[in-house]
Structure formats: structure tokens, C-alpha cells
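The structure under discussion appears below in the form of C-alpha cells.
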Amino acid sequence: MKRKADTQSNGQNGKGILKKRAKTVLAEEDVHKSFRKGLFANDILSKYTKDYAESEPYKHSVISSLINDELLRAVRNEIKENVQFTPKETDIYKIHQSGDLANLDGLEDGALEKLPSLLRLRDAMYSSKFRKYVSTITGSGELSGRKTDMAINVYTPGCHLLCHDDVIGSRRISYILYLTDPDIPWKEEWGGALRLFPTTTHKDDGVTTITPTPDTTKIIPPAWNQLSFFAVQPGLSFHDVEEVYHAEDEEQLKKDGGRIRMAISGWFHIPQIGEEGYIEGEEEKWGKNSSLKQLQGNPDRYDFPKPQPVAVEPAAEPAAEKELDEADLDFLLKYMAPTYLTPDTLDDIAESFMDASTVTLDGLLSNKFSARVREYVEAQEATLLPESSEEIERTGPWKVARPPHKHRFLYLQPFNSSKVDKASLEDPIKELTEVFLPSRQFRLWLELATKCNIENYDILARRFRRGLDYNLATSHDGEPRLEISLGLTPTPGWGADEVEEDEDTDDGDEDEGEEGQESKAKTNGSKPKQNGESKSNGKPKPSEADELEEEVQEEEGDDVGGHEVYMAGDDDEDEDAAVYKTSDEAEDDNVLFTMPASWNKLSIVLRDSGVLKFVKYVSKNAKGDRWDVNASFGVKIEEMEGEEEMITLEESDEEEVFNGFPDSDDSDSD
């Protein structure tokens, strides 16, 4: 999915404050004064050109002390006093954005008078002198001075930007100019670094495919007045912005100046009509070639994990006529709470699901089996993982999802064999994925709970490591399918009410009473609200330092990510369909369902064609990793006479469609 920043102009969201004004052109003397002394000397230029040519994993450059220090301090002060920012979040980033600085010329005189240094900086950056300087270093060819494309981004603790290659439209050079606190040097352990991803070249049947590796190899921490830049190369220039990490406490945060990573990010573009170097049709050709290069070869062939659907025999009778026999119940009781196996409960779940196309079940697993899972997960988290993806895959059963511009997490796929090995019965995660969830008995239970006939299934255990992992938005094309997610995250603080299981449960009692389980279980089907609502009440916040620091303190630990989100697709190609949170978001957003990381909670969703789905990046501030088992089931939806049809996920607006059990002090709830 391509990304387009939905920016706003400073002031009143770009409305009523713009007017036509010719862009200023700085005299060459003023251009020289805007940059550090000696920057344009031939020996300095030669050094940067040589460094750029020899850089890895792809060509890039870092220039320290780029701008005249006095000018840049004035720019930073103007931004702090006069520029407003919009907190914004998608599957791929969480940032505070300003408007496009290309619109500075259109501001009213009163507004523009407050930003003279910022205007001068922009004009110096896009001056002929500096464009030729960058062009010489990179060998990129001519760059446009007419098409300016820059904005101010502020990263507070928890903010991040995940892997992408910057390929949109006519972009030719990408750059970042840091405006971090000049009097409190940024520390590498605070995060916020620009990180570059190497690529792997695959050759198969004469076809060459290039994909990014899951691990970065070049880390460039922020520094005051530092410029980092590189040529935009489709399928090659993959990079991200490391999360700005939270401080240990509020006192440390104040000592660190709030850890506010402010930077001006932008692009130099292909020359426009009337400019030196303009070639008719080049921009269209560049855009077309960029798209082709992003898709060159067989990139899907190197996506992992791959779907492994397993077909099942067609049902002999419709779901309405099926029932669990005594042998089925004996098998399911090894894994499931007895409450969810009673006919009345199954009927209630099915009714809720038919109404909303979603349902969430608390405490699905039995106490005895869930205790085994918890013990396993906690032991795994207590064991230090290798840093490299290669070593993780070499030393254990877990694999690393790739490529990183689509997803990155640890996964475990079932062996998909009719014979279950002994190891699967000793490892509770394997037992879930290879014994319980693929079983005929669980599929029958799921058919009774949803009134759908299952035709195939695909199961995946996942571990999203804190500070590392995510699954960017993907769309589903085709017939509706059932998707389940069984949360196995024992740590608290994920945006949902979480209650520890009764530690005093007798693990030797396999026949738990229904009454005891009923007091623990609570079932909710809903159109959940977004995880970690914005605290701005719909109003963009000024970026003054004290208010930013207050916002940082408010957000500290407030949202650690890791939530799974279903969203309605957006038909507007000019908008980013995965934008799900802004400070000025409309009341009627396009979030259909969200599932925070949770313990022993099962969500069932009927996913329609075109519905987007992602798992938000897990912050390093989380108390643990997100663990779940995710499965999809190809289904045939029955048409039942005399009853309403099952509505789609997008049509549902139910808030509390099923509360099958009374509240109690021992039950979880959304």
C-alpha cells in the first residue's frame, strides 16, 4: 500500500488564510550565509561525494552542522511558538504532523511575519546552489526548485515510522533535517534513529527479485542540525524511523527535555515544466517505472508466512442440524471451558454473531490447559531471544515474517500432517495449532457458534515482540471468511480490562463445574472503540515545548499498540486508507472492530472482501510481547428460511450484542 501524508496548512487547517504570492528567490550571498561556513568548498563537496558512493546498505549521506546555527535556532523557536501539529496514526506510523511548508508563501502577511527564518530555511534548501550540491553528491540529475515538498514532524515517546521505500510520484531525493534540542544532545538509547534496510537479490528461473531483509544494518541517530539524505530507489531505499523510547519515569523524561524528536522531512523532485533539466513525460515515466520496479520479479514468492489452507470434507448436513456428541464433548473439555459447550450458550453466541458478524469470548480455554499455555509463554518471555532473524530461525522453531515493508513478527505454522508428533503434545502452542484448532470437533463447535459451514482452514501462531513487530494493513479479496484470534498475552496494560486467572485453581481437577467457569466467562460482541483514544478532544495542539512535554507525560504508557484492527476500505485513492486516528477525526470513523492483546480471549469475525486488517506496532514500552493464534476459515454461509440474513461486518453498528453471563469480580470485559 502506498502512503500519502494527509497534511494540513498551518493556522486554520489551510482554510481562509492562503493567498497567491510569488515564491521568493534568495540572493546567492544569502544562500551561503544560511548554511554553515565552508560547506560549499570543493574539498568538502568531494568528501561527501566519495562517502556517498561508498556507503552501505545503499547510497546515503549524513552532513553534520548543515545550517547556520543562529538561523536554525531561530527556525526552531518559530516552530515552537507558531506552528500547530496534528497527532496522527495509521498502521505504519504514529507522529505529530505540520502542514506542507510549500504553502508558506500563501499565508497572510500577519502569519508569514511570524515565520521569517522558516521561510528563509526553505528557500535556502531549495535554492539552485544547494540543489546542485545535493545533485552532485548523489549523481541524481537535476532537481526541482519549484516543487517544494517538506513538512515538520514531531516524534514524542511512542512515535514511530515503519519500513517503506518513500516511492511516491516524482520524488528523487529524500532528506531529514533534525531540529532536536540544541542544548540537550540526543542520546542513541532514546531511539528515533533513521534505520536503513539491506536487500536480498533472488534469482529464480532467470527472474531477478529484490526484497528487504527483516533486520536493519545502518543506524543513524538524530543530532541537532544534521542532514541525512538518499536517492529514492524503488524496491531498494527501504528505511524506517525507530520508535522514540519512553523514559523510565517522569523525572527522567524532564531531564531528557521530553525526548522530542523534531525534524523537517522532505523530498527533492524531478524538474517541472519550465525548469532546467525538465523532460516532457519524464515524471509520468518515472512514476510508472517506479511502480514496476517495486513489483519486479516475483516479490510475493518471497513473502513469509505463506497461506497453507487445508481443505476439509464437505458437511453432510447443514450447521443448523449438527450437534456435539459425547465423544466430541470429551475431546473439547480438554481445552475449552465447559460454559462454551452448552447448547444454550452456543445458541446465544450464534444469535450475537448473526447480528453483528463479530463476537468476543472471554476465558475460552479451560483453567488447566490455559495454565499450561501461560507457563510456556512466561518461560519464553523470560528467555532472551537472539537479535538477528537468521539466528532466531537457526536456533528454534519460530520463523520471522518478511518482508518488513509488509510485516515482521515471529510465527509458527502447524506441520499439517495426519500424524501428530509427541512434541506437539508437550508444547501447548503446538498443541493448539496442530491438535485443538484443526480438529473436527473444534470446527464443528465453530460451525454451531456461527451457523457457517467450514470448507478449509489456515492456522498460525504469532508472537509480536515489543519494540520490533507489526503487521501492516492488507485487504481480503473474495468470499467472506471467518477469522479467529485467540489472545494468549499474559502481561497487562494493553488497553483492555484484564484480570488474572484464579491462581488457586486445582490443576488436577479436570471436571471443572459449569458454575465456576460461568463466573469467569463473559462474552461480548461489539463494534469496539479505538484503542488509546486521543486526548486532544478534536483540537490540534500548538507545538510549544511545555505543551508538547505535557502531552508526552499524558501519553506515557497510555498506548502500547499491539491491537488488531479491522477497517472499512477507503475508495479515495488520494487518502491513506489505514488512517484510523487523528486529533480531529470524525465521529463516524471507519474502524469496524479492534482486538487489543489479551489473555485467553477469542474473537470471531466474519471478514468481507475489501476489509483492511492490521496489527499495530508493539511499543517497547509494553510489559511483554503480544501472543496469539490466528486462523482463517473458508466458509459457506447458510441461507435459513424465515430468518434474516447474516449482515456483513461493515453493515454492523452493534455496541453490546451479547452479554451472555453476569458481571462478576472474576470476569474479563472489553
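Residues in the C-alpha cells are named by chain (A, B, ... in the order shown) and by number from 1 within that chain; ligands are numbered from 1 in the order shown.
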
(message) as number ranges by chain, please: every residue in region 46-139 of chain A that a backbone DSSP assignment puts in helix (DSSP H, G or I).
(response) A: 46-54, 69-82, 101-106, 109-112, 116-125, 128-138

(message) Which residues are close to Leu341 (chain A), i.e. within 9 Å by only C-alpha atoms, leaving aside same-chain residues fewer than 6 positions away? Reply as number ranges by chain.
(response) A: 324, 329, 332-333, 445

May I have the residues from that selection written out with all heavy atoms, as a compact mmCIF listing (two decimals), in the first residue's frame?
```txt
# COMPACT_ATOMS: atom_id res chain seq x y z
N LEU A 324 -23.02 -31.54 19.00
CA LEU A 324 -21.84 -32.18 19.59
C LEU A 324 -22.29 -33.44 20.33
O LEU A 324 -23.19 -33.39 21.17
CB LEU A 324 -21.17 -31.22 20.58
CG LEU A 324 -20.58 -29.94 20.00
CD1 LEU A 324 -20.23 -28.96 21.12
CD2 LEU A 324 -19.35 -30.24 19.16
N LEU A 329 -17.63 -33.78 23.04
CA LEU A 329 -17.54 -33.02 24.28
C LEU A 329 -16.34 -33.46 25.12
O LEU A 329 -15.64 -32.62 25.70
CB LEU A 329 -18.83 -33.17 25.09
CG LEU A 329 -20.07 -32.50 24.47
CD1 LEU A 329 -21.32 -32.90 25.24
CD2 LEU A 329 -19.92 -30.99 24.45
N LEU A 332 -13.30 -31.79 23.54
CA LEU A 332 -13.26 -30.34 23.70
C LEU A 332 -13.05 -29.92 25.14
O LEU A 332 -12.44 -28.88 25.41
CB LEU A 332 -14.56 -29.73 23.15
CG LEU A 332 -14.73 -29.83 21.63
CD1 LEU A 332 -16.11 -29.32 21.21
CD2 LEU A 332 -13.64 -29.05 20.89
N LEU A 333 -13.53 -30.73 26.09
CA LEU A 333 -13.36 -30.38 27.50
C LEU A 333 -11.89 -30.40 27.93
O LEU A 333 -11.53 -29.81 28.95
CB LEU A 333 -14.16 -31.35 28.38
CG LEU A 333 -15.66 -31.04 28.50
CD1 LEU A 333 -16.39 -32.19 29.16
CD2 LEU A 333 -15.86 -29.74 29.28
N TRP A 445 -17.75 -27.15 16.55
CA TRP A 445 -18.16 -26.12 17.53
C TRP A 445 -18.26 -24.75 16.87
O TRP A 445 -19.23 -24.00 17.11
CB TRP A 445 -17.15 -26.08 18.68
CG TRP A 445 -17.47 -25.02 19.70
CD1 TRP A 445 -18.28 -25.14 20.78
CD2 TRP A 445 -16.98 -23.68 19.70
NE1 TRP A 445 -18.35 -23.95 21.47
CE2 TRP A 445 -17.56 -23.03 20.81
CE3 TRP A 445 -16.13 -22.95 18.87
CZ2 TRP A 445 -17.30 -21.70 21.13
CZ3 TRP A 445 -15.88 -21.62 19.16
CH2 TRP A 445 -16.46 -21.00 20.29
```

Can you write out as CSV which residues of region 174-244 of chain A fall within 7 Å of region 53-60 of chain A, alongside each residue's closest atom pair and its distance in Å to one decimal, counting only C-alpha atoms and ordering rows by chain and ascending residue number?
```
residue,atom,partner,partner_atom,distance
A:Leu196,CA,A:Pro57,CA,7.0
A:Phe197,CA,A:Pro57,CA,6.8
A:Pro198,CA,A:Pro57,CA,5.0
A:Phe229,CA,A:His60,CA,5.8
A:Phe230,CA,A:His60,CA,4.4
A:Ser237,CA,A:Tyr58,CA,7.0
```

(message) What's around Gly158 (chain A) at 12 Å? Count only C-alpha atoms, leave out sequence neighbours fewer than 2 positions away in its own chain, and write the answer as a PyMOL selection string.
(response) chain A and resi 89+93-96+154-156+160-161+190-192+241-247+258-261+466-467+551-561+617-622

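Of the listed residues A:Pro428, A:Arg440, A:Leu602, A:Thr491, the one whose atoms come nearest to Asp362 (chain A) is A:Leu602, with distances taken using only C-alpha atoms.
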
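Atom to atom, CA of Leu162 (chain A) and CA of Lys147 (chain A) stand 26.0 Å apart.
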
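Taking CA of His269 (chain A) and CA of Ala231 (chain A) as endpoints, the distance between them is 10.5 Å.
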
(request) Rank nothing, just name the residue among A:Arg73, A:His164, A:Asp427, A:Asn103 nearest to Asp181 (chain A), using only C-alpha atoms. (result)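 Selected residue with least distance to Asp181 (chain A): A:Arg73.
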
(message) Taking 3 positions as the minimum chain separation for residues in the same chain, which residues sit within 8 Å of Ala124 (chain A) when counting only C-alpha atoms? Answer as a list of chain:residue names.
(response)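 In the requested form, the answer reads A:Leu26, A:Val31, A:Ser34, A:Arg120, A:Leu121, A:Ser127, A:Phe130.
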
Take the residues just selected and output them with C-alpha atoms as a PDB file, in the first residue's frame.
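Now in part-v3.pdb:
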```pdb
ATOM      1  CA  LEU A  26      17.342  34.226  -2.164  1.00  0.00           C
ATOM      2  CA  VAL A  31      22.115  31.320   0.433  1.00  0.00           C
ATOM      3  CA  SER A  34      22.135  30.308   5.500  1.00  0.00           C
ATOM      4  CA  ARG A 120      14.396  31.543   4.611  1.00  0.00           C
ATOM      5  CA  LEU A 121      15.428  27.985   5.501  1.00  0.00           C
ATOM      6  CA  SER A 127      17.930  27.200  -3.873  1.00  0.00           C
ATOM      7  CA  PHE A 130      22.061  23.709  -2.715  1.00  0.00           C
TER       8      PHE A 130
END
```

(message) Residues of region 390-507 of chain A classed as strand (DSSP E or B) by DSSP on the backbone are to be reported as a PyMOL selection string.
(response) chain A and resi 399-400+402+407-408+410-412+452-464+470-475+481-488+497

(request) May I have the residues within 9 Å of Pro182 (chain A) as an MDAnalysis selection string, using only C-alpha atoms and disregarding those fewer than 4 positions away in the same chain? (result) chainID A and resid 73 186 223:225

Same residues, N, CA, C and O atoms, saved as a short mmCIF file (atom, residue, chain, number, x, y, z; two decimals), in the first residue's frame:
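Listed below is the output, part.cif:
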```
data_model
loop_
_atom_site.label_atom_id
_atom_site.label_comp_id
_atom_site.auth_asym_id
_atom_site.auth_seq_id
_atom_site.Cartn_x
_atom_site.Cartn_y
_atom_site.Cartn_z
N ARG A 73 18.46 27.86 15.04
CA ARG A 73 17.86 28.09 16.35
C ARG A 73 16.64 29.01 16.24
O ARG A 73 15.62 28.78 16.93
N TRP A 186 20.96 14.66 21.81
CA TRP A 186 20.14 13.45 21.73
C TRP A 186 21.01 12.22 22.00
O TRP A 186 22.11 12.11 21.48
N ALA A 223 20.59 14.11 15.48
CA ALA A 223 21.53 15.05 16.08
C ALA A 223 21.14 16.45 15.60
O ALA A 223 20.72 16.62 14.44
N TRP A 224 21.29 17.41 16.44
CA TRP A 224 20.96 18.79 16.11
C TRP A 224 21.68 19.23 14.83
O TRP A 224 22.88 19.00 14.67
N ASN A 225 20.92 19.81 13.89
CA ASN A 225 21.48 20.41 12.67
C ASN A 225 22.15 19.37 11.77
O ASN A 225 23.10 19.67 11.04
#
```

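Of note, CA of Tyr566 (chain A) and CA of Ser357 (chain A) are spaced 12.1 Å apart.
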
(request) Find the residue from A:Glu108, A:Asp628, A:Glu434, A:Asp123 that sits nearest to Ile484 (chain A); use only C-alpha atoms when measuring. (result)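 Checking each candidate against Ile484 (chain A), we get A:Asp628 as the closest.
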
(message) So that I can see what lies close to Glu455 (chain A), please list as a list in words the residues with an atom at most 7 Å from it, counting only C-alpha atoms and leaving out residues fewer than 5 positions away in the same chain.
(response) Ala311, Val312, Pro314, Gly634 and Val635 of chain A

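Among the candidates A:Arg402, A:Arg443, A:Lys601, A:His563, the one nearest to Thr199 (chain A) when counting only C-alpha atoms is A:Arg402.
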